[in-house]
Amino acid sequence: MEYLPIFLKLQGIPCLVVGGGSVAARKVGLLLKAGAKVTVVAPELNRQLSAWLDDSQIACRKKAFAPDDLNEQQLVIAATDQAEVNALVSSSARALQIPVNVADQPALCSFILPAVIDRSPIIAAVSSGGASPILARMLRDNFEQMLPSAYGRLAELARRYRAPVKLALPDTLLRNRFWQTVLQGPIAELVLANREAEAEHQLEQLLDETRQQTPQGEVYLVGAGPGDPDLLTLRALRLMQQADAVVYDRLVAPAVLERVRSDAEKIYAGKQRNEHTLPQEQINELLVRLAQQGKRVLRLKGGDPFIFGRGGEEISSLMEQGIPFQVVPGITAATGCAAYAGIPLTHRDYAQSCVFVTGHRQDGSITLDWPRLAAPQQTVVIYMGLLGLADICHNLIAHGCPPELPAALIEQGTTPRQRVITGNLSSLPGLVAAAQAQAPTLVIVGEVVRLREKLDWFRP
């Protein structure tokens with residue numbers, strides 16, 4: 001993130017705009033709307049700026065810009081068609097540590113003016129960081145259509161009741177849930193339908209009911225998918241936004257974790273081979289303890305929680321303690337990574353079955369049903385097989401698989417850093433070692449790997 005979005009309170013604040021044309025007028029209009037005290041410096045003013053001057057809405061110095069024009073100003077915008085003037089405004093403002101924006105010249109800016117969606121007191125802003133103002137305005141127009149004007153009235157309702165609700169509901173968890181119910185349910189719909197009196201009546205009823213309650217804890221066991229956040233289910237996204245605490249593992253991609261509610265407590269419980277941040281027993285206890293504190297707990301697991309994710313063990317602990325829970329499946333690492341690698345797991349000409357196995361067990365050993373895995377006309381998908389890849393390939397060959405049987409390793413599948421290494425059972429371990437592949441990885445063995453060359457579509 002190159003720019004930090006900040007909303008400035010400019011009521012009565014002296015702001016300077018350098019320029020007298022249409023671009024300057026647009027900037028002045030924004031500042032006036034925010035209540036700023038605007039002074040314009042320019043030899044000539046266009047019709048709009050002249051009208052504001054005649055109405056005493058702005059002050060004006062009809063002259064060329066000089067650095068002393070910045071005296072007592074707290075924000076500056078340069079909007080002239082003269083590059084040397086804009087550069088002088090920028091350097092002079094920066095020397096005095098005054099925030100400065102230069103129209104269409106991001107390199108000279110210390111802040112960016114975004115495209116604004118005004119539903120006061122709700123304000124949304126879109127910025128491309130100066131890369132493409134037109135794209136930012138296009139996105140703004142899309143958001144304009146998605147945000148009814150009545151959202152401003154909904155925000156006003158929340159503002160009027162904010163203090164009374166805080167007094168009535170001192171418990172933060174209970175108060176947060178109250179507002180989520182108000183803003184996402186029938187009360188909000190009444191406001192959007194211009195039935196504000198009914199909305200206030202129902203809000204007060206809900207407040208009376210909520211005052212008598214204690215927070216009820218719950219656990220959401222959610223599959224985070226293989227890495228691409230666009231592969232999250234709608235239900236997963238909804239629960240990620242309402243959770244109070246998040247317990248996540250190593251296989252949850254950072255881009256997925258960013259979709260979690262920003263103020264939620266985040267607890268890392270990642271596990272690697274022989275290196276557990278939290279042992280599974282402690283994770284089970286943690287989920288129970290957080291739920292017993294009244295929190296809505298998101299257990300976020302890479303892939304699907306019931307495919308080598310130990311989700312069954314976790315919900316068993318929850319059931320023993322009487323903790324309510326939900327399970328949300330995720331796109332598995334096998335299906336997601338195979339699809340993004342262009343390798344179908346089944347194909348009528350190559351494989352009529354597919355087997356999922358894990359490349360190591362709890363004690364670190366690899367003890368699989370090798371004769372069954374070596375059967376022809378099937379695809380074998382191996383989770384967590386990176387460290388034991390040489391042993392896996394050796395055992396498959398020893399139990400009847402031809403050394404030239406195609407095999408592939410997918411590293412960080414479905415993400416912008418995806419890498420696919422293809423070979424066969426004989427060559428793949430050496431190729432992977434030479435490429436210095438790092439977890440998370442997935443191994444696919446079978447004739448279907450031959451199709452990758454034809455079906456390879458994903459370009460990270």
# chains A, B, ... in the order shown; residues from 1 in each chain; ligands from 1
call {"tool": "residues_around", "arguments": {"residues": "A:Ile444", "least_positions_apart": "5", "cutoff": "7 Å", "atoms": "only C-alpha atoms", "output": "JSON, numbers by chain"}}
result
{"A": [380, 381, 382, 407, 408, 409]}
call {"tool": "write_last_selection", "arguments": {"atoms": "N, CA and C atoms", "output": "CSV table (one decimal), in the first residue's frame"}}
result
chain,number,residue,atom,x,y,z
A,380,VAL,N,-2.7,-40.1,-8.3
A,380,VAL,CA,-2.4,-40.0,-6.9
A,380,VAL,C,-2.0,-38.5,-6.6
A,381,VAL,N,-2.7,-38.0,-5.6
A,381,VAL,CA,-2.4,-36.6,-5.1
A,381,VAL,C,-1.8,-36.7,-3.7
A,382,ILE,N,-0.6,-36.1,-3.5
A,382,ILE,CA,0.1,-36.3,-2.3
A,382,ILE,C,0.2,-34.9,-1.6
A,407,ALA,N,4.8,-37.0,-13.4
A,407,ALA,CA,4.6,-36.5,-12.0
A,407,ALA,C,4.9,-35.0,-12.0
A,408,ALA,N,4.2,-34.3,-11.2
A,408,ALA,CA,4.4,-32.8,-11.1
A,408,ALA,C,4.3,-32.4,-9.6
A,409,LEU,N,5.1,-31.3,-9.3
A,409,LEU,CA,5.0,-30.7,-8.0
A,409,LEU,C,4.5,-29.2,-8.2
call {"tool": "residues_around", "arguments": {"residues": "stretch 49-55 of chain A", "least_positions_apart": "3", "cutoff": "10 Å", "atoms": "only C-alpha atoms", "output": "ChimeraX atom specification"}}
result
/A:20-22,24-26,28-29,32,39-40,44-46,58-60
call {"tool": "write_last_selection", "arguments": {"atoms": "C-alpha atoms", "output": "short mmCIF file (atom, residue, chain, number, x, y, z; two decimals), in the first residue's frame"}}
result
data_model
loop_
_atom_site.label_atom_id
_atom_site.label_comp_id
_atom_site.auth_asym_id
_atom_site.auth_seq_id
_atom_site.Cartn_x
_atom_site.Cartn_y
_atom_site.Cartn_z
CA GLY A 20 -7.38 29.65 -11.96
CA GLY A 21 -8.75 27.16 -14.50
CA SER A 22 -11.27 24.31 -14.55
CA ALA A 24 -8.41 24.32 -9.94
CA ALA A 25 -12.15 24.97 -9.75
CA ARG A 26 -12.84 21.25 -9.23
CA VAL A 28 -11.78 24.28 -4.82
CA GLY A 29 -15.27 22.77 -5.04
CA LEU A 32 -15.57 24.11 -0.05
CA THR A 39 -7.58 31.05 -0.90
CA VAL A 40 -6.84 30.93 -4.62
CA GLU A 44 -6.82 35.10 -13.79
CA LEU A 45 -9.89 33.19 -12.58
CA ASN A 46 -12.40 31.24 -14.65
CA ILE A 58 -13.21 32.11 -1.41
CA ALA A 59 -10.39 34.63 -1.09
CA CYS A 60 -8.11 35.42 -4.01
#
call {"tool": "select_by_dssp", "arguments": {"residues": "stretch 189-349 of chain A", "states": "helix (DSSP H, G or I)", "output": "PyMOL selection string"}}
result
chain A and resi 189-192+196-211+229-231+234-242+254-257+280-292+311-320+333-341
call {"tool": "write_last_selection", "arguments": {"atoms": "C-alpha atoms", "output": "CSV table (one decimal), in the first residue's frame"}}
result
chain,number,residue,atom,x,y,z
A,189,GLU,CA,-34.1,-2.0,5.6
A,190,LEU,CA,-36.7,0.1,7.2
A,191,VAL,CA,-34.4,3.2,7.1
A,192,LEU,CA,-33.6,2.5,3.4
A,196,GLU,CA,-37.3,5.8,10.0
A,197,ALA,CA,-39.9,6.1,12.8
A,198,GLU,CA,-40.5,2.3,12.7
A,199,ALA,CA,-36.7,1.7,12.5
A,200,GLU,CA,-36.1,3.7,15.7
A,201,HIS,CA,-38.9,1.8,17.5
A,202,GLN,CA,-37.5,-1.6,16.5
A,203,LEU,CA,-34.0,-0.4,17.5
A,204,GLU,CA,-35.1,0.6,21.0
A,205,GLN,CA,-36.9,-2.8,21.3
A,206,LEU,CA,-33.8,-4.6,20.3
A,207,LEU,CA,-31.7,-2.6,22.7
A,208,ASP,CA,-34.0,-3.6,25.6
A,209,GLU,CA,-33.8,-7.3,24.6
A,210,THR,CA,-30.0,-7.2,24.1
A,211,ARG,CA,-29.5,-5.6,27.5
A,229,PRO,CA,-8.9,-15.2,-2.2
A,230,ASP,CA,-11.3,-15.2,-5.2
A,231,LEU,CA,-11.9,-18.9,-4.5
A,234,LEU,CA,-19.7,-16.3,-0.1
A,235,ARG,CA,-20.5,-17.9,3.3
A,236,ALA,CA,-16.8,-18.0,4.2
A,237,LEU,CA,-16.5,-14.3,3.5
A,238,ARG,CA,-19.6,-13.4,5.5
A,239,LEU,CA,-18.3,-15.3,8.6
A,240,MET,CA,-14.8,-13.9,8.2
A,241,GLN,CA,-16.3,-10.4,8.5
A,242,GLN,CA,-18.3,-11.1,11.7
A,254,PRO,CA,-1.9,-13.6,3.4
A,255,ALA,CA,-4.3,-12.3,0.7
A,256,VAL,CA,-7.0,-14.5,2.3
A,257,LEU,CA,-6.3,-13.3,5.8
A,280,GLN,CA,-3.3,-29.7,18.1
A,281,GLU,CA,-4.6,-30.4,21.7
A,282,GLN,CA,-3.8,-26.8,22.6
A,283,ILE,CA,-5.6,-25.5,19.5
A,284,ASN,CA,-8.7,-27.5,20.5
A,285,GLU,CA,-8.5,-26.0,24.0
A,286,LEU,CA,-8.0,-22.5,22.6
A,287,LEU,CA,-11.2,-22.7,20.4
A,288,VAL,CA,-13.2,-23.9,23.4
A,289,ARG,CA,-11.8,-21.2,25.7
A,290,LEU,CA,-12.4,-18.3,23.2
A,291,ALA,CA,-16.0,-19.5,22.6
A,292,GLN,CA,-16.6,-19.8,26.3
A,311,GLY,CA,-11.2,-30.5,11.4
A,312,GLY,CA,-12.9,-33.6,12.7
A,313,GLU,CA,-10.7,-33.5,15.8
A,314,GLU,CA,-11.5,-29.9,16.5
A,315,ILE,CA,-15.3,-30.2,16.2
A,316,SER,CA,-15.2,-33.3,18.4
A,317,SER,CA,-13.7,-31.1,21.2
A,318,LEU,CA,-16.3,-28.5,20.6
A,319,MET,CA,-19.1,-31.0,20.8
A,320,GLU,CA,-17.8,-32.4,24.1
A,333,ALA,CA,-5.7,-27.8,-2.3
A,334,ALA,CA,-5.9,-30.8,-4.7
A,335,THR,CA,-8.8,-29.4,-6.8
A,336,GLY,CA,-7.6,-25.8,-6.8
A,337,CYS,CA,-3.9,-26.4,-7.5
A,338,ALA,CA,-4.6,-29.0,-10.1
A,339,ALA,CA,-7.1,-26.8,-11.9
A,340,TYR,CA,-4.7,-23.8,-11.9
A,341,ALA,CA,-1.8,-26.1,-13.1
call {"tool": "atom_distance", "arguments": {"atom1": "atom CA of A:Arg259", "atom2": "atom CA of A:Thr172"}}
result
21.9 Å
call {"tool": "closest_residue", "arguments": {"among": "A:Val260, A:Cys401, A:Ile366, A:Met384", "to": "A:Gly309", "atoms": "only C-alpha atoms"}}
result
A:Met384
call {"tool": "residues_around", "arguments": {"residues": "A:Val247", "least_positions_apart": "4", "cutoff": "10 Å", "atoms": "only C-alpha atoms", "output": "ChimeraX atom specification"}}
result
/A:221,265-270,283,286-287,290,297-301
call {"tool": "closest_residue", "arguments": {"among": "A:Gly322, A:Pro460, A:Gly446, A:Gly130", "to": "A:Asp228", "atoms": "only C-alpha atoms"}}
result
A:Pro460
call {"tool": "select_by_dssp", "arguments": {"residues": "stretch 343-430 of chain A", "states": "strand (DSSP E or B)", "output": "PyMOL selection string"}}
result
chain A and resi 347+351+353-358+378-383+406-411+419-424
call {"tool": "atom_distance", "arguments": {"atom1": "atom CA of A:Phe178", "atom2": "atom CA of A:Pro324"}}
result
19.4 Å
call {"tool": "closest_residue", "arguments": {"among": "A:Phe7, A:Val182, A:Leu147, A:Ala224", "to": "A:Pro114", "atoms": "only C-alpha atoms"}}
result
A:Phe7
call {"tool": "closest_atom_pairs", "arguments": {"of": "stretch 25-86 of chain A", "to": "stretch 15-19 of chain A", "cutoff": "9 Å", "atoms": "only C-alpha atoms", "output": "JSON lines"}}
result
{"residue": "A:Ala25", "atom": "CA", "partner": "A:Gly19", "partner_atom": "CA", "distance": 8.3}
{"residue": "A:Lys27", "atom": "CA", "partner": "A:Val17", "partner_atom": "CA", "distance": 7.6}
{"residue": "A:Val28", "atom": "CA", "partner": "A:Val17", "partner_atom": "CA", "distance": 7.0}
{"residue": "A:Leu31", "atom": "CA", "partner": "A:Cys15", "partner_atom": "CA", "distance": 8.0}
{"residue": "A:Ala36", "atom": "CA", "partner": "A:Cys15", "partner_atom": "CA", "distance": 6.6}
{"residue": "A:Lys37", "atom": "CA", "partner": "A:Cys15", "partner_atom": "CA", "distance": 6.0}
{"residue": "A:Val38", "atom": "CA", "partner": "A:Cys15", "partner_atom": "CA", "distance": 5.0}
{"residue": "A:Thr39", "atom": "CA", "partner": "A:Leu16", "partner_atom": "CA", "distance": 5.0}
{"residue": "A:Val40", "atom": "CA", "partner": "A:Val17", "partner_atom": "CA", "distance": 4.8}
{"residue": "A:Val41", "atom": "CA", "partner": "A:Val18", "partner_atom": "CA", "distance": 4.8}
{"residue": "A:Ala42", "atom": "CA", "partner": "A:Gly19", "partner_atom": "CA", "distance": 5.0}
{"residue": "A:Pro43", "atom": "CA", "partner": "A:Gly19", "partner_atom": "CA", "distance": 8.2}
{"residue": "A:Glu44", "atom": "CA", "partner": "A:Gly19", "partner_atom": "CA", "distance": 8.3}
{"residue": "A:Leu45", "atom": "CA", "partner": "A:Gly19", "partner_atom": "CA", "distance": 7.9}
{"residue": "A:Ala64", "atom": "CA", "partner": "A:Val18", "partner_atom": "CA", "distance": 8.8}
{"residue": "A:Phe65", "atom": "CA", "partner": "A:Val18", "partner_atom": "CA", "distance": 6.9}
{"residue": "A:Asp69", "atom": "CA", "partner": "A:Leu16", "partner_atom": "CA", "distance": 8.2}
{"residue": "A:Leu70", "atom": "CA", "partner": "A:Leu16", "partner_atom": "CA", "distance": 7.3}
{"residue": "A:Glu72", "atom": "CA", "partner": "A:Cys15", "partner_atom": "CA", "distance": 8.9}
{"residue": "A:Gln73", "atom": "CA", "partner": "A:Cys15", "partner_atom": "CA", "distance": 5.5}
{"residue": "A:Gln74", "atom": "CA", "partner": "A:Cys15", "partner_atom": "CA", "distance": 5.8}
{"residue": "A:Leu75", "atom": "CA", "partner": "A:Cys15", "partner_atom": "CA", "distance": 4.8}
{"residue": "A:Val76", "atom": "CA", "partner": "A:Leu16", "partner_atom": "CA", "distance": 4.8}
{"residue": "A:Ile77", "atom": "CA", "partner": "A:Val17", "partner_atom": "CA", "distance": 4.8}
{"residue": "A:Ala78", "atom": "CA", "partner": "A:Val18", "partner_atom": "CA", "distance": 4.7}
{"residue": "A:Ala79", "atom": "CA", "partner": "A:Gly19", "partner_atom": "CA", "distance": 5.0}
{"residue": "A:Thr80", "atom": "CA", "partner": "A:Gly19", "partner_atom": "CA", "distance": 4.7}
{"residue": "A:Asp81", "atom": "CA", "partner": "A:Gly19", "partner_atom": "CA", "distance": 8.1}
{"residue": "A:Val85", "atom": "CA", "partner": "A:Val18", "partner_atom": "CA", "distance": 8.8}
{"residue": "A:Asn86", "atom": "CA", "partner": "A:Val18", "partner_atom": "CA", "distance": 8.3}
call {"tool": "closest_residue", "arguments": {"among": "A:Ile134, A:Ile98, A:Ile343, A:Ile13", "to": "A:Leu455", "atoms": "only C-alpha atoms"}}
result
A:Ile343
call {"tool": "residues_around", "arguments": {"residues": "A:Leu373", "least_positions_apart": "4", "cutoff": "8 Å", "atoms": "only C-alpha atoms", "output": "PDB file with C-alpha atoms, in the first residue's frame"}}
result
ATOM      1  CA  VAL A 355      -6.548 -41.006  -4.483  1.00  0.00           C
ATOM      2  CA  ASP A 369      -0.400 -48.548   0.951  1.00  0.00           C
ATOM      3  CA  VAL A 380      -2.363 -39.983  -6.880  1.00  0.00           C
ATOM      4  CA  LEU A 396       6.039 -46.085  -6.143  1.00  0.00           C
TER       5      LEU A 396
END
